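> Got a file for you: input.cif, mmCIF, C-alpha atoms and all ligand atoms.
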data_upload
loop_
_atom_site.group_PDB
_atom_site.id
_atom_site.type_symbol
_atom_site.label_atom_id
_atom_site.label_comp_id
_atom_site.auth_asym_id
_atom_site.auth_seq_id
_atom_site.Cartn_x
_atom_site.Cartn_y
_atom_site.Cartn_z
ATOM 1 C CA MET R 617 -28.982 18.428 -3.636
ATOM 2 C CA THR R 618 -26.893 15.885 -5.526
ATOM 3 C CA LYS R 619 -23.380 16.520 -6.837
ATOM 4 C CA ASP R 620 -24.497 16.849 -10.465
ATOM 5 C CA GLN R 621 -26.964 19.548 -9.420
ATOM 6 C CA CYS R 622 -24.143 21.692 -7.952
ATOM 7 C CA PHE R 623 -22.662 22.491 -11.361
ATOM 8 C CA GLU R 624 -25.391 22.063 -13.896
ATOM 9 C CA ALA R 625 -24.463 21.118 -17.464
ATOM 10 C CA GLU R 626 -26.403 22.012 -20.620
ATOM 11 C CA PHE R 627 -29.291 19.745 -19.729
ATOM 12 C CA SER R 628 -30.593 21.702 -16.734
ATOM 13 C CA PRO R 629 -32.857 24.698 -17.144
ATOM 14 C CA GLU R 630 -31.328 28.160 -16.796
ATOM 15 C CA GLY R 631 -32.072 29.722 -13.434
ATOM 16 C CA GLY R 632 -33.482 26.387 -12.290
ATOM 17 C CA ARG R 633 -32.355 26.977 -8.724
ATOM 18 C CA ILE R 634 -34.009 30.347 -8.254
ATOM 19 C CA PHE R 635 -37.084 28.698 -6.761
ATOM 20 C CA PHE R 636 -34.940 27.475 -3.843
ATOM 21 C CA GLY R 637 -34.435 31.142 -2.960
ATOM 22 C CA SER R 638 -38.136 31.869 -2.663
ATOM 23 C CA GLU R 639 -38.677 28.719 -0.602
ATOM 24 C CA VAL R 640 -35.877 29.665 1.813
ATOM 25 C CA LYS R 641 -37.227 33.207 2.090
ATOM 26 C CA LYS R 642 -40.654 31.867 3.048
ATOM 27 C CA LEU R 643 -39.102 29.842 5.876
ATOM 28 C CA CYS R 644 -36.462 32.331 7.047
ATOM 29 C CA LYS R 645 -38.230 35.645 6.741
ATOM 30 C CA LYS R 646 -35.393 37.776 8.119
ATOM 31 C CA ALA R 647 -32.585 36.085 6.206
ATOM 32 C CA LYS R 648 -30.922 37.665 3.203
ATOM 33 C CA VAL R 649 -30.917 35.038 0.484
ATOM 34 C CA ALA R 650 -28.551 34.692 -2.474
ATOM 35 C CA VAL R 651 -29.218 32.436 -5.463
ATOM 36 C CA VAL R 652 -26.712 30.941 -7.906
ATOM 37 C CA GLY R 653 -26.731 28.525 -10.829
ATOM 38 C CA LYS R 654 -26.989 29.086 -14.558
ATOM 39 C CA ILE R 655 -28.139 32.678 -14.263
ATOM 40 C CA ARG R 656 -26.918 33.862 -17.661
ATOM 41 C CA ASP R 657 -29.450 36.491 -18.640
ATOM 42 C CA PRO R 658 -29.368 39.793 -16.725
ATOM 43 C CA GLN R 659 -33.148 40.061 -17.118
ATOM 44 C CA MET R 660 -33.548 36.751 -15.284
ATOM 45 C CA ALA R 661 -31.438 38.192 -12.460
ATOM 46 C CA GLU R 662 -33.495 41.409 -12.402
ATOM 47 C CA ASP R 663 -36.747 39.414 -12.339
ATOM 48 C CA ALA R 664 -35.560 37.215 -9.449
ATOM 49 C CA LEU R 665 -34.781 40.335 -7.412
ATOM 50 C CA ALA R 666 -37.981 42.114 -8.419
ATOM 51 C CA ASN R 667 -40.149 39.057 -7.622
ATOM 52 C CA GLY R 668 -38.554 38.754 -4.187
ATOM 53 C CA ASP R 669 -37.083 35.322 -4.961
ATOM 54 C CA ALA R 670 -33.640 36.516 -3.869
ATOM 55 C CA ASP R 671 -31.810 39.457 -2.317
ATOM 56 C CA LEU R 672 -28.567 38.795 -4.122
ATOM 57 C CA ILE R 673 -27.627 37.122 -7.402
ATOM 58 C CA ILE R 674 -24.377 35.186 -7.711
ATOM 59 C CA GLY R 675 -22.704 34.078 -10.911
ATOM 60 C CA SER R 676 -19.693 31.822 -11.183
ATOM 61 C CA ARG R 677 -19.222 30.454 -14.714
ATOM 62 C CA THR R 678 -21.428 33.348 -15.805
ATOM 63 C CA HIS R 679 -18.488 35.666 -15.047
ATOM 64 C CA LEU R 680 -15.783 33.286 -16.219
ATOM 65 C CA ALA R 681 -17.314 33.236 -19.683
ATOM 66 C CA ASP R 682 -17.768 37.014 -19.583
ATOM 67 C CA PRO R 683 -16.114 39.031 -16.813
ATOM 68 C CA TYR R 684 -17.804 42.118 -18.281
ATOM 69 C CA TRP R 685 -21.278 40.590 -17.733
ATOM 70 C CA THR R 686 -22.339 43.107 -15.077
ATOM 71 C CA LEU R 687 -20.853 46.090 -16.876
ATOM 72 C CA LYS R 688 -22.465 45.161 -20.190
ATOM 73 C CA ALA R 689 -25.823 44.691 -18.428
ATOM 74 C CA GLN R 690 -25.472 48.042 -16.660
ATOM 75 C CA MET R 691 -24.604 49.759 -19.928
ATOM 76 C CA GLY R 692 -27.651 48.304 -21.694
ATOM 77 C CA ARG R 693 -25.383 46.172 -23.899
ATOM 78 C CA LYS R 694 -26.671 42.785 -22.795
ATOM 79 C CA ASP R 695 -26.738 41.521 -26.379
ATOM 80 C CA GLU R 696 -22.923 41.698 -26.249
ATOM 81 C CA ILE R 697 -22.662 39.343 -23.275
ATOM 82 C CA ARG R 698 -20.847 36.095 -24.033
ATOM 83 C CA LYS R 699 -23.105 33.673 -22.206
ATOM 84 C CA CYS R 700 -21.610 30.576 -20.586
ATOM 85 C CA MET R 701 -22.597 27.346 -22.376
ATOM 86 C CA SER R 702 -22.494 25.275 -19.153
ATOM 87 C CA CYS R 703 -20.175 22.862 -20.984
ATOM 88 C CA LEU R 704 -18.023 22.267 -17.872
ATOM 89 C CA GLU R 705 -14.706 22.620 -19.736
ATOM 90 C CA CYS R 706 -13.571 24.880 -16.855
ATOM 91 C CA PHE R 707 -13.951 21.998 -14.418
ATOM 92 C CA LYS R 708 -11.019 20.223 -16.049
ATOM 93 C CA LEU R 709 -9.010 22.430 -13.674
ATOM 94 C CA PHE R 710 -9.748 19.866 -11.020
ATOM 95 C CA ARG R 711 -8.180 17.004 -12.993
ATOM 96 C CA PRO R 712 -4.796 15.759 -11.805
ATOM 97 C CA GLY R 713 -1.989 17.594 -13.632
ATOM 98 C CA ALA R 714 -4.112 20.562 -14.711
ATOM 99 C CA HIS R 715 -2.559 23.956 -13.972
ATOM 100 C CA ASN R 716 -4.650 26.665 -15.564
ATOM 101 C CA MET R 717 -8.344 27.394 -15.501
ATOM 102 C CA ARG R 718 -9.720 27.495 -19.068
ATOM 103 C CA CYS R 719 -12.999 28.436 -20.651
ATOM 104 C CA ALA R 720 -14.260 27.035 -23.952
ATOM 105 C CA ILE R 721 -15.441 30.445 -25.141
ATOM 106 C CA ASN R 722 -13.308 32.970 -23.250
ATOM 107 C CA PRO R 723 -9.671 32.517 -24.240
ATOM 108 C CA PHE R 724 -8.506 35.162 -21.735
ATOM 109 C CA VAL R 725 -9.359 33.001 -18.719
ATOM 110 C CA GLY R 726 -6.113 32.315 -16.885
ATOM 111 C CA TYR R 727 -4.318 35.117 -18.762
ATOM 112 C CA GLU R 728 -6.130 38.125 -17.274
ATOM 113 C CA LEU R 729 -2.874 39.837 -16.263
ATOM 114 C CA THR R 730 -1.794 39.828 -19.927
ATOM 115 C CA ALA R 731 -5.039 40.734 -21.658
ATOM 116 C CA THR R 732 -8.807 40.741 -21.418
ATOM 117 C CA GLU R 733 -11.514 41.109 -24.022
ATOM 118 C CA HIS R 734 -11.391 44.902 -23.682
ATOM 119 C CA ASN R 735 -7.692 45.239 -22.976
ATOM 120 C CA VAL R 736 -5.759 43.631 -25.807
ATOM 121 C CA PRO R 737 -2.251 45.016 -26.274
ATOM 122 C CA LYS R 738 -1.647 46.350 -29.793
ATOM 123 C CA THR R 739 1.073 44.743 -31.880
ATOM 124 C CA SER R 740 4.130 46.754 -32.818
ATOM 125 C CA ASN R 741 4.417 44.652 -35.961
ATOM 126 C CA PRO R 742 1.072 44.696 -37.827
ATOM 127 C CA LYS R 743 0.731 41.993 -40.467
ATOM 128 C CA LYS R 744 -1.570 41.102 -43.343
ATOM 129 C CA LEU R 745 -3.459 38.056 -42.057
ATOM 130 C CA LEU R 746 -5.512 35.577 -44.017
ATOM 131 C CA ILE R 747 -7.726 33.391 -41.860
ATOM 132 C CA ALA R 748 -9.303 30.584 -43.846
ATOM 133 C CA GLY R 749 -12.284 28.825 -42.266
ATOM 134 C CA GLY R 750 -15.040 30.636 -40.428
ATOM 135 C CA GLY R 751 -15.859 28.212 -37.627
ATOM 136 C CA VAL R 752 -15.421 29.307 -34.024
ATOM 137 C CA ALA R 753 -11.638 28.789 -34.220
ATOM 138 C CA GLY R 754 -11.263 31.034 -37.283
ATOM 139 C CA MET R 755 -13.644 33.624 -35.867
ATOM 140 C CA GLN R 756 -11.800 33.788 -32.543
ATOM 141 C CA ALA R 757 -8.452 34.087 -34.344
ATOM 142 C CA ALA R 758 -9.885 36.905 -36.468
ATOM 143 C CA ILE R 759 -11.347 38.710 -33.441
ATOM 144 C CA LEU R 760 -8.088 38.619 -31.496
ATOM 145 C CA ALA R 761 -5.910 39.503 -34.491
ATOM 146 C CA LYS R 762 -8.123 42.467 -35.325
ATOM 147 C CA LYS R 763 -7.941 43.713 -31.744
ATOM 148 C CA ARG R 764 -4.155 43.329 -31.846
ATOM 149 C CA GLY R 765 -4.141 45.710 -34.799
ATOM 150 C CA HIS R 766 -3.440 43.325 -37.677
ATOM 151 C CA SER R 767 -5.107 43.622 -41.052
ATOM 152 C CA VAL R 768 -7.512 40.666 -41.136
ATOM 153 C CA LYS R 769 -9.379 38.860 -43.867
ATOM 154 C CA LEU R 770 -11.583 35.915 -42.924
ATOM 155 C CA VAL R 771 -12.528 33.588 -45.776
ATOM 156 C CA GLU R 772 -15.235 30.950 -45.468
ATOM 157 C CA LYS R 773 -16.010 28.171 -47.952
ATOM 158 C CA SER R 774 -19.749 28.109 -47.272
ATOM 159 C CA GLU R 775 -22.230 30.976 -47.313
ATOM 160 C CA ARG R 776 -22.230 31.514 -43.533
ATOM 161 C CA LEU R 777 -20.007 31.546 -40.499
ATOM 162 C CA GLY R 778 -20.298 29.059 -37.636
ATOM 163 C CA GLY R 779 -18.921 25.764 -38.946
ATOM 164 C CA HIS R 780 -19.790 22.639 -36.992
ATOM 165 C CA MET R 781 -21.170 24.618 -34.045
ATOM 166 C CA ARG R 782 -24.354 24.996 -36.081
ATOM 167 C CA LEU R 783 -24.873 21.257 -36.018
ATOM 168 C CA ALA R 784 -23.590 20.871 -32.457
ATOM 169 C CA GLY R 785 -26.103 23.439 -31.241
ATOM 170 C CA THR R 786 -29.102 21.843 -32.948
ATOM 171 C CA PRO R 787 -30.162 18.967 -30.629
ATOM 172 C CA PRO R 788 -32.480 19.636 -27.698
ATOM 173 C CA TYR R 789 -30.729 21.276 -24.726
ATOM 174 C CA LYS R 790 -27.784 22.324 -26.892
ATOM 175 C CA ASP R 791 -29.054 25.773 -27.794
ATOM 176 C CA SER R 792 -26.401 27.381 -25.555
ATOM 177 C CA LEU R 793 -23.878 26.320 -28.228
ATOM 178 C CA GLN R 794 -25.881 28.108 -30.926
ATOM 179 C CA ARG R 795 -26.021 31.141 -28.667
ATOM 180 C CA ALA R 796 -22.236 31.103 -28.223
ATOM 181 C CA MET R 797 -21.749 30.697 -31.974
ATOM 182 C CA ASN R 798 -24.036 33.675 -32.572
ATOM 183 C CA TRP R 799 -21.930 35.750 -30.178
ATOM 184 C CA PHE R 800 -18.816 35.033 -32.278
ATOM 185 C CA ILE R 801 -20.636 35.905 -35.500
ATOM 186 C CA ALA R 802 -21.957 39.138 -34.000
ATOM 187 C CA GLU R 803 -18.508 40.066 -32.652
ATOM 188 C CA VAL R 804 -16.961 39.576 -36.098
ATOM 189 C CA GLY R 805 -19.604 42.018 -37.347
ATOM 190 C CA ARG R 806 -19.122 44.513 -34.497
ATOM 191 C CA LEU R 807 -15.388 44.650 -35.214
ATOM 192 C CA GLY R 808 -16.009 45.198 -38.907
ATOM 193 C CA ILE R 809 -13.870 42.225 -39.917
ATOM 194 C CA ASP R 810 -13.667 41.734 -43.674
ATOM 195 C CA VAL R 811 -15.367 38.380 -44.462
ATOM 196 C CA GLU R 812 -15.461 36.699 -47.856
ATOM 197 C CA TYR R 813 -17.880 33.808 -48.404
ATOM 198 C CA GLY R 814 -18.035 30.974 -50.901
ATOM 199 C CA VAL R 815 -14.278 30.575 -51.419
ATOM 200 C CA ASP R 816 -12.602 27.195 -50.994
ATOM 201 C CA VAL R 817 -9.186 28.424 -49.921
ATOM 202 C CA GLY R 818 -6.271 26.503 -51.397
ATOM 203 C CA LEU R 819 -2.678 27.209 -52.302
ATOM 204 C CA ASP R 820 -3.597 29.271 -55.377
ATOM 205 C CA TYR R 821 -5.768 31.596 -53.325
ATOM 206 C CA ILE R 822 -3.082 32.000 -50.656
ATOM 207 C CA ARG R 823 -0.391 32.692 -53.258
ATOM 208 C CA SER R 824 -2.512 35.305 -54.998
ATOM 209 C CA TYR R 825 -3.577 37.029 -51.742
ATOM 210 C CA ARG R 826 0.045 37.067 -50.496
ATOM 211 C CA PRO R 827 -0.638 37.269 -46.742
ATOM 212 C CA GLY R 828 2.124 37.848 -44.192
ATOM 213 C CA VAL R 829 0.554 35.071 -42.138
ATOM 214 C CA ALA R 830 -2.105 32.512 -43.095
ATOM 215 C CA ILE R 831 -4.108 30.726 -40.425
ATOM 216 C CA LEU R 832 -5.896 27.624 -41.686
ATOM 217 C CA SER R 833 -8.842 26.885 -39.409
ATOM 218 C CA PHE R 834 -10.559 24.334 -41.619
ATOM 219 C CA GLY R 835 -11.855 22.194 -38.732
ATOM 220 C CA ALA R 836 -11.722 18.435 -38.888
ATOM 221 C CA GLU R 837 -13.243 15.706 -41.027
ATOM 222 C CA PRO R 838 -14.585 12.457 -39.549
ATOM 223 C CA ALA R 839 -11.912 9.743 -39.579
ATOM 224 C CA ARG R 840 -12.634 6.784 -41.878
ATOM 225 C CA LEU R 841 -10.959 3.655 -40.561
HETATM 226 C C1 LIG H 901 -22.623 16.651 -34.001
HETATM 227 C C2 LIG H 901 -21.583 17.464 -33.256
HETATM 228 C C3 LIG H 901 -21.793 17.729 -31.900
HETATM 229 C C4 LIG H 901 -20.843 18.474 -31.195
HETATM 230 N N1 LIG H 901 -21.086 18.763 -29.867
HETATM 231 C C5 LIG H 901 -20.235 19.567 -29.181
HETATM 232 C C6 LIG H 901 -20.484 19.948 -27.836
HETATM 233 O O1 LIG H 901 -21.479 19.565 -27.244
HETATM 234 N N2 LIG H 901 -19.589 20.749 -27.217
HETATM 235 C C7 LIG H 901 -18.456 21.198 -27.850
HETATM 236 O O2 LIG H 901 -17.690 21.943 -27.252
HETATM 237 N N3 LIG H 901 -18.201 20.836 -29.123
HETATM 238 C C8 LIG H 901 -19.043 20.044 -29.801
HETATM 239 N N4 LIG H 901 -18.752 19.670 -31.096
HETATM 240 C C9 LIG H 901 -17.475 20.086 -31.657
HETATM 241 C C10 LIG H 901 -17.472 21.533 -32.138
HETATM 242 O O3 LIG H 901 -18.587 21.771 -32.972
HETATM 243 C C11 LIG H 901 -16.145 21.759 -32.869
HETATM 244 O O4 LIG H 901 -15.080 21.524 -31.949
HETATM 245 C C12 LIG H 901 -16.006 23.162 -33.389
HETATM 246 O O5 LIG H 901 -17.100 23.520 -34.221
HETATM 247 C C13 LIG H 901 -14.689 23.236 -34.175
HETATM 248 O O6 LIG H 901 -14.559 24.545 -34.657
HETATM 249 P P1 LIG H 901 -13.511 24.854 -35.790
HETATM 250 O O7 LIG H 901 -13.644 26.306 -36.088
HETATM 251 O O8 LIG H 901 -12.187 24.317 -35.419
HETATM 252 O O9 LIG H 901 -13.972 23.974 -37.045
HETATM 253 P P2 LIG H 901 -15.340 23.916 -37.858
HETATM 254 O O10 LIG H 901 -16.497 24.218 -36.987
HETATM 255 O O11 LIG H 901 -15.332 22.613 -38.575
HETATM 256 O O12 LIG H 901 -15.192 25.105 -38.892
HETATM 257 C C14 LIG H 901 -14.343 25.022 -40.010
HETATM 258 C C15 LIG H 901 -14.838 26.005 -41.046
HETATM 259 O O13 LIG H 901 -13.898 26.077 -42.109
HETATM 260 C C16 LIG H 901 -14.589 26.067 -43.325
HETATM 261 N N5 LIG H 901 -13.662 25.532 -44.321
HETATM 262 C C17 LIG H 901 -13.223 24.264 -44.436
HETATM 263 N N6 LIG H 901 -12.348 24.165 -45.460
HETATM 264 C C18 LIG H 901 -12.228 25.405 -45.985
HETATM 265 C C19 LIG H 901 -11.484 25.941 -47.066
HETATM 266 N N7 LIG H 901 -10.661 25.188 -47.794
HETATM 267 N N8 LIG H 901 -11.608 27.266 -47.333
HETATM 268 C C20 LIG H 901 -12.432 28.058 -46.579
HETATM 269 N N9 LIG H 901 -13.171 27.586 -45.557
HETATM 270 C C21 LIG H 901 -13.051 26.269 -45.262
HETATM 271 C C22 LIG H 901 -15.810 25.200 -43.101
HETATM 272 O O14 LIG H 901 -16.841 25.488 -44.028
HETATM 273 C C23 LIG H 901 -16.182 25.615 -41.668
HETATM 274 O O15 LIG H 901 -17.063 26.730 -41.638
HETATM 275 C C24 LIG H 901 -19.672 18.943 -31.832
HETATM 276 C C25 LIG H 901 -19.472 18.676 -33.205
HETATM 277 C C26 LIG H 901 -20.420 17.955 -33.918
HETATM 278 C C27 LIG H 901 -20.194 17.696 -35.391
HETATM 279 C C1 LIG H 902 -14.154 26.484 -11.305
HETATM 280 C C2 LIG H 902 -15.222 26.503 -10.248
HETATM 281 C C3 LIG H 902 -14.921 26.234 -8.926
HETATM 282 C C4 LIG H 902 -15.908 26.215 -7.962
HETATM 283 N N1 LIG H 902 -15.569 25.961 -6.670
HETATM 284 C C5 LIG H 902 -16.532 25.982 -5.707
HETATM 285 C C6 LIG H 902 -16.216 25.781 -4.331
HETATM 286 O O1 LIG H 902 -15.057 25.584 -3.975
HETATM 287 N N2 LIG H 902 -17.221 25.782 -3.416
HETATM 288 C C7 LIG H 902 -18.529 25.997 -3.785
HETATM 289 O O2 LIG H 902 -19.414 26.003 -2.904
HETATM 290 N N3 LIG H 902 -18.866 26.200 -5.065
HETATM 291 C C8 LIG H 902 -17.908 26.217 -6.027
HETATM 292 N N4 LIG H 902 -18.249 26.425 -7.341
HETATM 293 C C9 LIG H 902 -19.681 26.485 -7.697
HETATM 294 C C10 LIG H 902 -20.173 27.883 -7.939
HETATM 295 O O3 LIG H 902 -20.075 28.654 -6.765
HETATM 296 C C11 LIG H 902 -21.635 27.861 -8.443
HETATM 297 O O4 LIG H 902 -22.496 27.432 -7.401
HETATM 298 C C12 LIG H 902 -21.887 26.947 -9.623
HETATM 299 O O5 LIG H 902 -20.803 26.983 -10.527
HETATM 300 C C13 LIG H 902 -23.187 27.349 -10.360
HETATM 301 O O6 LIG H 902 -23.172 28.687 -10.775
HETATM 302 P P1 LIG H 902 -22.812 29.095 -12.307
HETATM 303 O O7 LIG H 902 -23.804 28.418 -13.190
HETATM 304 O O8 LIG H 902 -22.873 30.596 -12.355
HETATM 305 O O9 LIG H 902 -21.419 28.565 -12.520
HETATM 306 C C14 LIG H 902 -17.245 26.469 -8.328
HETATM 307 C C15 LIG H 902 -17.547 26.764 -9.647
HETATM 308 C C16 LIG H 902 -16.547 26.792 -10.607
HETATM 309 C C17 LIG H 902 -16.913 27.124 -12.033
HETATM 310 S S1 LIG H 903 -15.787 26.449 -19.866
HETATM 311 FE FE1 LIG H 903 -16.664 28.516 -20.063
HETATM 312 S S2 LIG H 903 -18.551 28.170 -21.265
HETATM 313 FE FE2 LIG H 903 -17.934 26.155 -20.464
HETATM 314 S S3 LIG H 903 -18.996 25.939 -18.473
HETATM 315 FE FE3 LIG H 903 -17.006 26.823 -18.010
HETATM 316 S S4 LIG H 903 -17.358 29.040 -18.000
HETATM 317 FE FE4 LIG H 903 -19.100 28.108 -19.056
#
What would the structure in this file look like if it were written as structure tokens?


Amino acid sequence: MTKDQCFEAEFSPEGGRIFFGSEVKKLCKKAKVAVVGKIRDPQMAEDALANGDADLIIGSRTHLADPYWTLKAQMGRKDEIRKCMSCLECFKLFRPGAHNMRCAINPFVGYELTATEHNVPKTSNPKKLLIAGGGVAGMQAAILAKKRGHSVKLVEKSERLGGHMRLAGTPPYKDSLQRAMNWFIAEVGRLGIDVEYGVDVGLDYIRSYRPGVAILSFGAEPARL
């Protein structure tokens, strides 16, 4: 196995290493065999066990992106699992000077003693928040603020949430980005966050809404040099 096969990026198939398990089991009949590598869907894990490809399933980034993966699967809430995109952002930990592990889609990584997705401390000072821009940054801000107990309004210029992740998740092998984006959109819905579409937020809108705090998550425009 080469180094790039140890930590597969977006371009490798999900569960692509499960077949190693069945091969090893054929050769070592008494051995208990575990498989690992891009096993993101609990059904894929169940199938590997049921087919006898493995005796044990291991997840690494699977559980970084969603530490509640097993619990959500057990509870029949697998649609709520935030599936790792295999983007390798977490591997920046190994760069010189890096201190904290991070995950592109789970902001609690590295801060688990302070909060987790299902254990967000409530604020003692609830505010009226306006979050303008419904890309992943605005959606994540809205999700966390709502869980903290703030009053949240998310306003998006276009007719749908997602921002540039829609485009980013379009090319072949990039569907894990679309999947992550869909998780954010679904979570906004599950939390009942108030979303207004088709409004190009500017100063007039902010003045008339009179928020306690405004978060502008407008994304970026390509630089023209
Ligand atoms: C082609 C392409 C490929 C990419 N590939 C990857 C990749 O492989 N991996 C990766 O991690 N990232 C990738 N990215 C980057 C990733 O898509 C962005 O980092 C991410 O989408 C930024 O999210 P955001 O919420 O900050 O901004 P955006 O996604 O830009 O969202 C901003 C939102 O604000 C809205 N908005 C703007 N102005 C206003 C206003 N005045 N009022 C109300 N709403 C407003 C916009 O309509 C939009 O919905 C890619 C980007 C592109 C374009
Ligand atoms: C941050 C990080 C550190 C890892 N460190 C090791 C390690 O020290 N030794 C090892 O054998 N595998 C290590 N792995 C690899 C995982 O055990 C696993 O084989 C690999 O990430 C593929 O599984 P996944 O798609 O669920 O992440 C590491 C993975 C991550 C994400
Ligand atoms: S940063 Fe998060 S989403 Fe990206 S590969 Fe690591 S665990 Fe997966």

> Which protein, DNA or RNA residues have an atom within 6 Å of ligand LIG 902 (chain H), counting only C-alpha atoms and all ligand atoms, as a list in words?

Cys622, Phe623, Val652, Gly653, Lys654, Ile655, Gly675, Ser676, Arg677, Thr678, Cys706 and Phe707 of chain R

> Could you list, as an mmCIF file with C-alpha atoms, in the frame of the given file, all protein and nucleic acid residues with an atom at most 10 Å from ligand LIG 901 (chain H), counting all atoms listed in the file?


data_model
loop_
_atom_site.group_PDB
_atom_site.id
_atom_site.type_symbol
_atom_site.label_atom_id
_atom_site.label_comp_id
_atom_site.auth_asym_id
_atom_site.auth_seq_id
_atom_site.Cartn_x
_atom_site.Cartn_y
_atom_site.Cartn_z
ATOM 1 C CA GLU R 626 -26.403 22.012 -20.620
ATOM 2 C CA MET R 701 -22.597 27.346 -22.376
ATOM 3 C CA SER R 702 -22.494 25.275 -19.153
ATOM 4 C CA CYS R 703 -20.175 22.862 -20.984
ATOM 5 C CA LEU R 704 -18.023 22.267 -17.872
ATOM 6 C CA GLU R 705 -14.706 22.620 -19.736
ATOM 7 C CA ALA R 720 -14.260 27.035 -23.952
ATOM 8 C CA ILE R 721 -15.441 30.445 -25.141
ATOM 9 C CA ILE R 747 -7.726 33.391 -41.860
ATOM 10 C CA ALA R 748 -9.303 30.584 -43.846
ATOM 11 C CA GLY R 749 -12.284 28.825 -42.266
ATOM 12 C CA GLY R 750 -15.040 30.636 -40.428
ATOM 13 C CA GLY R 751 -15.859 28.212 -37.627
ATOM 14 C CA VAL R 752 -15.421 29.307 -34.024
ATOM 15 C CA ALA R 753 -11.638 28.789 -34.220
ATOM 16 C CA GLY R 754 -11.263 31.034 -37.283
ATOM 17 C CA MET R 755 -13.644 33.624 -35.867
ATOM 18 C CA GLN R 756 -11.800 33.788 -32.543
ATOM 19 C CA ALA R 757 -8.452 34.087 -34.344
ATOM 20 C CA LEU R 770 -11.583 35.915 -42.924
ATOM 21 C CA VAL R 771 -12.528 33.588 -45.776
ATOM 22 C CA GLU R 772 -15.235 30.950 -45.468
ATOM 23 C CA LYS R 773 -16.010 28.171 -47.952
ATOM 24 C CA SER R 774 -19.749 28.109 -47.272
ATOM 25 C CA GLU R 775 -22.230 30.976 -47.313
ATOM 26 C CA ARG R 776 -22.230 31.514 -43.533
ATOM 27 C CA LEU R 777 -20.007 31.546 -40.499
ATOM 28 C CA GLY R 778 -20.298 29.059 -37.636
ATOM 29 C CA GLY R 779 -18.921 25.764 -38.946
ATOM 30 C CA HIS R 780 -19.790 22.639 -36.992
ATOM 31 C CA MET R 781 -21.170 24.618 -34.045
ATOM 32 C CA ARG R 782 -24.354 24.996 -36.081
ATOM 33 C CA LEU R 783 -24.873 21.257 -36.018
ATOM 34 C CA ALA R 784 -23.590 20.871 -32.457
ATOM 35 C CA GLY R 785 -26.103 23.439 -31.241
ATOM 36 C CA THR R 786 -29.102 21.843 -32.948
ATOM 37 C CA PRO R 787 -30.162 18.967 -30.629
ATOM 38 C CA TYR R 789 -30.729 21.276 -24.726
ATOM 39 C CA LYS R 790 -27.784 22.324 -26.892
ATOM 40 C CA ASP R 791 -29.054 25.773 -27.794
ATOM 41 C CA SER R 792 -26.401 27.381 -25.555
ATOM 42 C CA LEU R 793 -23.878 26.320 -28.228
ATOM 43 C CA GLN R 794 -25.881 28.108 -30.926
ATOM 44 C CA MET R 797 -21.749 30.697 -31.974
ATOM 45 C CA GLU R 812 -15.461 36.699 -47.856
ATOM 46 C CA TYR R 813 -17.880 33.808 -48.404
ATOM 47 C CA GLY R 814 -18.035 30.974 -50.901
ATOM 48 C CA VAL R 815 -14.278 30.575 -51.419
ATOM 49 C CA ASP R 816 -12.602 27.195 -50.994
ATOM 50 C CA VAL R 817 -9.186 28.424 -49.921
ATOM 51 C CA GLY R 818 -6.271 26.503 -51.397
ATOM 52 C CA LEU R 819 -2.678 27.209 -52.302
ATOM 53 C CA TYR R 821 -5.768 31.596 -53.325
ATOM 54 C CA LEU R 832 -5.896 27.624 -41.686
ATOM 55 C CA SER R 833 -8.842 26.885 -39.409
ATOM 56 C CA PHE R 834 -10.559 24.334 -41.619
ATOM 57 C CA GLY R 835 -11.855 22.194 -38.732
ATOM 58 C CA ALA R 836 -11.722 18.435 -38.888
ATOM 59 C CA GLU R 837 -13.243 15.706 -41.027
ATOM 60 C CA PRO R 838 -14.585 12.457 -39.549
#

> Between R:Leu680, R:Val725, R:Leu760, R:Ala731, which has the minimum distance to ligand LIG 903 (chain H) (counting all atoms listed in the file)?

R:Leu680

> Pick out the closest residue to ligand LIG 903 (chain H) from this set: R:Arg711, R:Lys642, R:Arg718, R:His766. Count only C-alpha atoms and all ligand atoms.

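Closest to ligand LIG 903 (chain H) of all the choices is R:Arg718.
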
> Hey, can you check how far atom CA of R:Leu672 sits from atom S1 of ligand LIG 903 (chain H)?

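Pair atom CA of R:Leu672 / atom S1 of ligand LIG 903 (chain H) returns 23.7 Å.
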
> Taking into account only C-alpha atoms and all ligand atoms, which residue in the set R:Glu624, R:Pro658, R:Asp820, R:Trp799 is nearest to ligand LIG 903 (chain H)?

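Residue with the minimum atom-to-atom distance to ligand LIG 903 (chain H): R:Glu624.
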
> Please provide as JSON, numbers by chain all residues within 10 Å of R:Lys641, with the sequence filter that same-chain residues fewer than 3 positions apart are discarded (counting all atoms listed in the file).

{"R": [635, 636, 637, 638, 644, 645, 646, 647, 648, 649, 650, 668, 669, 670, 671]}

> Considering all atoms listed in the file, state which residue in the set R:Arg795, R:Arg764, R:Lys744, R:Arg633 is at the smallest distance from ligand LIG 903 (chain H).

R:Arg795

> What does the distance from atom CA of R:Glu728 to atom CA of R:Gly692 come to in Å, to one decimal?

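Computing it gives 24.2 Å between the two atoms.
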
> Each side padded by 4 Å, which centre and which edge lengths in Å (one decimal) define the axis-aligned box around the listed atoms of stretch 771-776 of chain R? Give them as JSON.


{"center_x": -17.4, "center_y": 30.8, "center_z": -45.7, "size_x": 17.7, "size_y": 13.5, "size_z": 12.4}

> Go through R:Thr730, R:Asn716, R:Gln690, R:Asn667 and flag the residue nearest ligand LIG 903 (chain H), using all atoms listed in the file for the distances.

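Using all atoms listed in the file, ligand LIG 903 (chain H) sits closest to R:Asn716.
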
> Expressed in Å to a single decimal, how great is the separation between atom CA of R:Ala796 and atom CA of R:Ile809?

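Result for atom CA of R:Ala796 versus atom CA of R:Ile809: 18.2 Å, one decimal.
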